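Working notes, structure below.
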Amino acid sequence: MALSERRWTGTGTELRYDCASCGYEVKLLPPGAVGSGILMWVAASTLVTALFMYDKWFGPGVFGWIVIALFWLGGAWVYLPALWKLRAHPVTGAAPSKLPDEQADPDPLRAGIKAIERKSLFGAPLLLIAAAAAILLAAAAIGYVNDVMLN
């Protein structure tokens, strides 16, 4: 299986791989996009579950259970088939990060999304977690300087 096409879909990239010997083709999400999506799905679903479960008086109730189930099932419906396709169609060999006819993207947001998508299934979520930790560390340092050193 060799990478034959990389197409921007508006929210991410779709990769097409072709088998040189049999002509079979498959369209996959990049592993980094799947890993990042699973991270966001689990984080959002956990947050919604925590918000509905820790109600002081009645617990989640019927509406709360429906919302919790929709978050968990909706994420599973989106990301588990993509993860299964990555497992069922392993890519062998090294995939080029750029196709010969591909131009550099002038849009910085799309270029950032593509840079994260090119990471591995576990590399992209770890990069996002590290970036979030760096932002929180910078905010803590600014708060420390403001509260302790300037007062």
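All residue names refer to the structure tokens as shown: chains lettered A, B, ... in order, residues numbered from 1 in each chain, ligands numbered from 1 in order.
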
Residues of chain A in helix (DSSP H, G or I), written as a ChimeraX atom specification: /A:31-53,61-88,108-117,123-149

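Within the 10 Å cut-off around region 71-73 of chain A, using only C-alpha atoms and omitting residues fewer than 3 positions from it on the same chain, the listed residues are Trp41, Val42, Ala44, Ser45, Thr46, Val48, Thr49, Trp65, Ile66, Val67, Ile68, Ala76, Trp77 and Val78 of chain A.
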
Option closest in space to Tyr79 (chain A), from A:Gly10, A:Gly37, A:Pro60, A:Gly32 [counting only C-alpha atoms]: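 Closest to Tyr79 (chain A) of all the choices is A:Gly37.
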
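Each of A:Ile116, A:Ile135, A:Ile142, A:Trp84 was compared to Ala33 (chain A) using only C-alpha atoms, and A:Ile116 turns out to be the nearest.
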
Test item, strand (DSSP E) assignment across chain A, answer as an MDAnalysis selection string: chainID A and resid 2:8 13:18 25:28

Keeping only N, CA, C and O atoms, take the residues you just selected and write them out as a tab-separated table (two decimals), in the first residue's frame.
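Written file, selection.tsv:
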```tsv
chain	number	residue	atom	x	y	z
A	2	ALA	N	0.65	2.08	-0.94
A	2	ALA	CA	1.43	3.31	-1.06
A	2	ALA	C	0.48	4.50	-1.10
A	2	ALA	O	-0.60	4.44	-1.69
A	3	LEU	N	0.89	5.58	-0.50
A	3	LEU	CA	0.10	6.80	-0.49
A	3	LEU	C	0.02	7.35	-1.91
A	3	LEU	O	1.02	7.55	-2.57
A	4	SER	N	-1.22	7.54	-2.38
A	4	SER	CA	-1.39	8.05	-3.75
A	4	SER	C	-2.07	9.41	-3.80
A	4	SER	O	-1.94	10.12	-4.79
A	5	GLU	N	-2.82	9.76	-2.76
A	5	GLU	CA	-3.52	11.04	-2.78
A	5	GLU	C	-3.76	11.51	-1.36
A	5	GLU	O	-4.07	10.73	-0.47
A	6	ARG	N	-3.59	12.81	-1.17
A	6	ARG	CA	-3.93	13.46	0.10
A	6	ARG	C	-4.90	14.57	-0.25
A	6	ARG	O	-4.59	15.47	-1.01
A	7	ARG	N	-6.13	14.50	0.33
A	7	ARG	CA	-7.18	15.45	-0.04
A	7	ARG	C	-7.71	16.13	1.21
A	7	ARG	O	-8.04	15.48	2.20
A	8	TRP	N	-7.78	17.46	1.17
A	8	TRP	CA	-8.34	18.25	2.27
A	8	TRP	C	-9.85	18.19	2.17
A	8	TRP	O	-10.44	18.49	1.14
A	13	THR	N	-7.80	15.86	6.71
A	13	THR	CA	-7.22	15.28	5.51
A	13	THR	C	-7.71	13.85	5.35
A	13	THR	O	-7.86	13.12	6.33
A	14	GLU	N	-7.93	13.46	4.11
A	14	GLU	CA	-8.26	12.08	3.79
A	14	GLU	C	-7.13	11.54	2.92
A	14	GLU	O	-6.74	12.17	1.93
A	15	LEU	N	-6.60	10.39	3.29
A	15	LEU	CA	-5.50	9.78	2.56
A	15	LEU	C	-6.01	8.60	1.75
A	15	LEU	O	-6.81	7.80	2.25
A	16	ARG	N	-5.55	8.50	0.51
A	16	ARG	CA	-5.90	7.34	-0.32
A	16	ARG	C	-4.65	6.52	-0.55
A	16	ARG	O	-3.63	7.04	-1.00
A	17	TYR	N	-4.74	5.24	-0.23
A	17	TYR	CA	-3.63	4.32	-0.43
A	17	TYR	C	-4.03	3.33	-1.51
A	17	TYR	O	-5.16	2.84	-1.54
A	18	ASP	N	-3.09	3.01	-2.38
A	18	ASP	CA	-3.31	2.04	-3.46
A	18	ASP	C	-2.28	0.92	-3.33
A	18	ASP	O	-1.12	1.16	-3.01
A	25	GLU	N	-7.76	-0.10	-3.37
A	25	GLU	CA	-7.57	1.23	-2.79
A	25	GLU	C	-8.43	1.37	-1.54
A	25	GLU	O	-9.51	0.79	-1.44
A	26	VAL	N	-7.92	2.15	-0.60
A	26	VAL	CA	-8.64	2.41	0.64
A	26	VAL	C	-8.39	3.86	1.02
A	26	VAL	O	-7.31	4.39	0.81
A	27	LYS	N	-9.43	4.50	1.55
A	27	LYS	CA	-9.33	5.87	2.04
A	27	LYS	C	-9.34	5.85	3.56
A	27	LYS	O	-10.24	5.28	4.17
A	28	LEU	N	-8.33	6.48	4.15
A	28	LEU	CA	-8.15	6.47	5.60
A	28	LEU	C	-7.98	7.88	6.12
A	28	LEU	O	-7.52	8.76	5.40
```

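Each of A:Ala88, A:Met40, A:Ala20, A:Val34 was checked against Leu121 (chain A) using only C-alpha atoms; the smallest atom-to-atom distance is that of A:Val34.
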
Selected residue of minimal separation from Gly12 (chain A) among A:Pro90, A:Gly112, A:Pro106, A:Pro81, counting only C-alpha atoms: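 Using only C-alpha atoms, the shortest distance to Gly12 (chain A) belongs to A:Gly112.
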
Which residue of A:Leu47, A:Leu83, A:Gly61, A:Val91 approaches Met1 (chain A) most closely, using only C-alpha atoms: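 Looking at the shortest contact to Met1 (chain A), the residue is A:Val91.
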
Interatomic distance (Å, one decimal) between CA of Ile38 (chain A) and CA of Gly75 (chain A):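 One can read the CA of Ile38 (chain A) to CA of Gly75 (chain A) distance as 7.7 Å.
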
For Pro125 (chain A), please output as a short mmCIF file (atom, residue, chain, number, x, y, z; two decimals) with N, CA, C and O atoms, in the first residue's frame all residues within 7 Å (counting only C-alpha atoms; exclusion window: fewer than 4 positions along the same chain).
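Just written: out.cif:
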```cif
data_model
loop_
_atom_site.label_atom_id
_atom_site.label_comp_id
_atom_site.auth_asym_id
_atom_site.auth_seq_id
_atom_site.Cartn_x
_atom_site.Cartn_y
_atom_site.Cartn_z
N GLY A 35 -6.02 9.63 16.46
CA GLY A 35 -5.57 9.70 17.85
C GLY A 35 -6.04 10.98 18.54
O GLY A 35 -6.50 10.96 19.68
N SER A 36 -5.95 12.11 17.84
CA SER A 36 -6.42 13.39 18.40
C SER A 36 -7.93 13.37 18.60
O SER A 36 -8.43 13.88 19.61
N LEU A 39 -8.76 11.33 21.66
CA LEU A 39 -8.45 12.12 22.86
C LEU A 39 -9.55 13.13 23.14
O LEU A 39 -10.02 13.25 24.28
N ILE A 129 -1.45 17.17 24.43
CA ILE A 129 -1.38 17.23 25.89
C ILE A 129 -0.18 18.07 26.33
O ILE A 129 -0.27 18.88 27.26
#
```
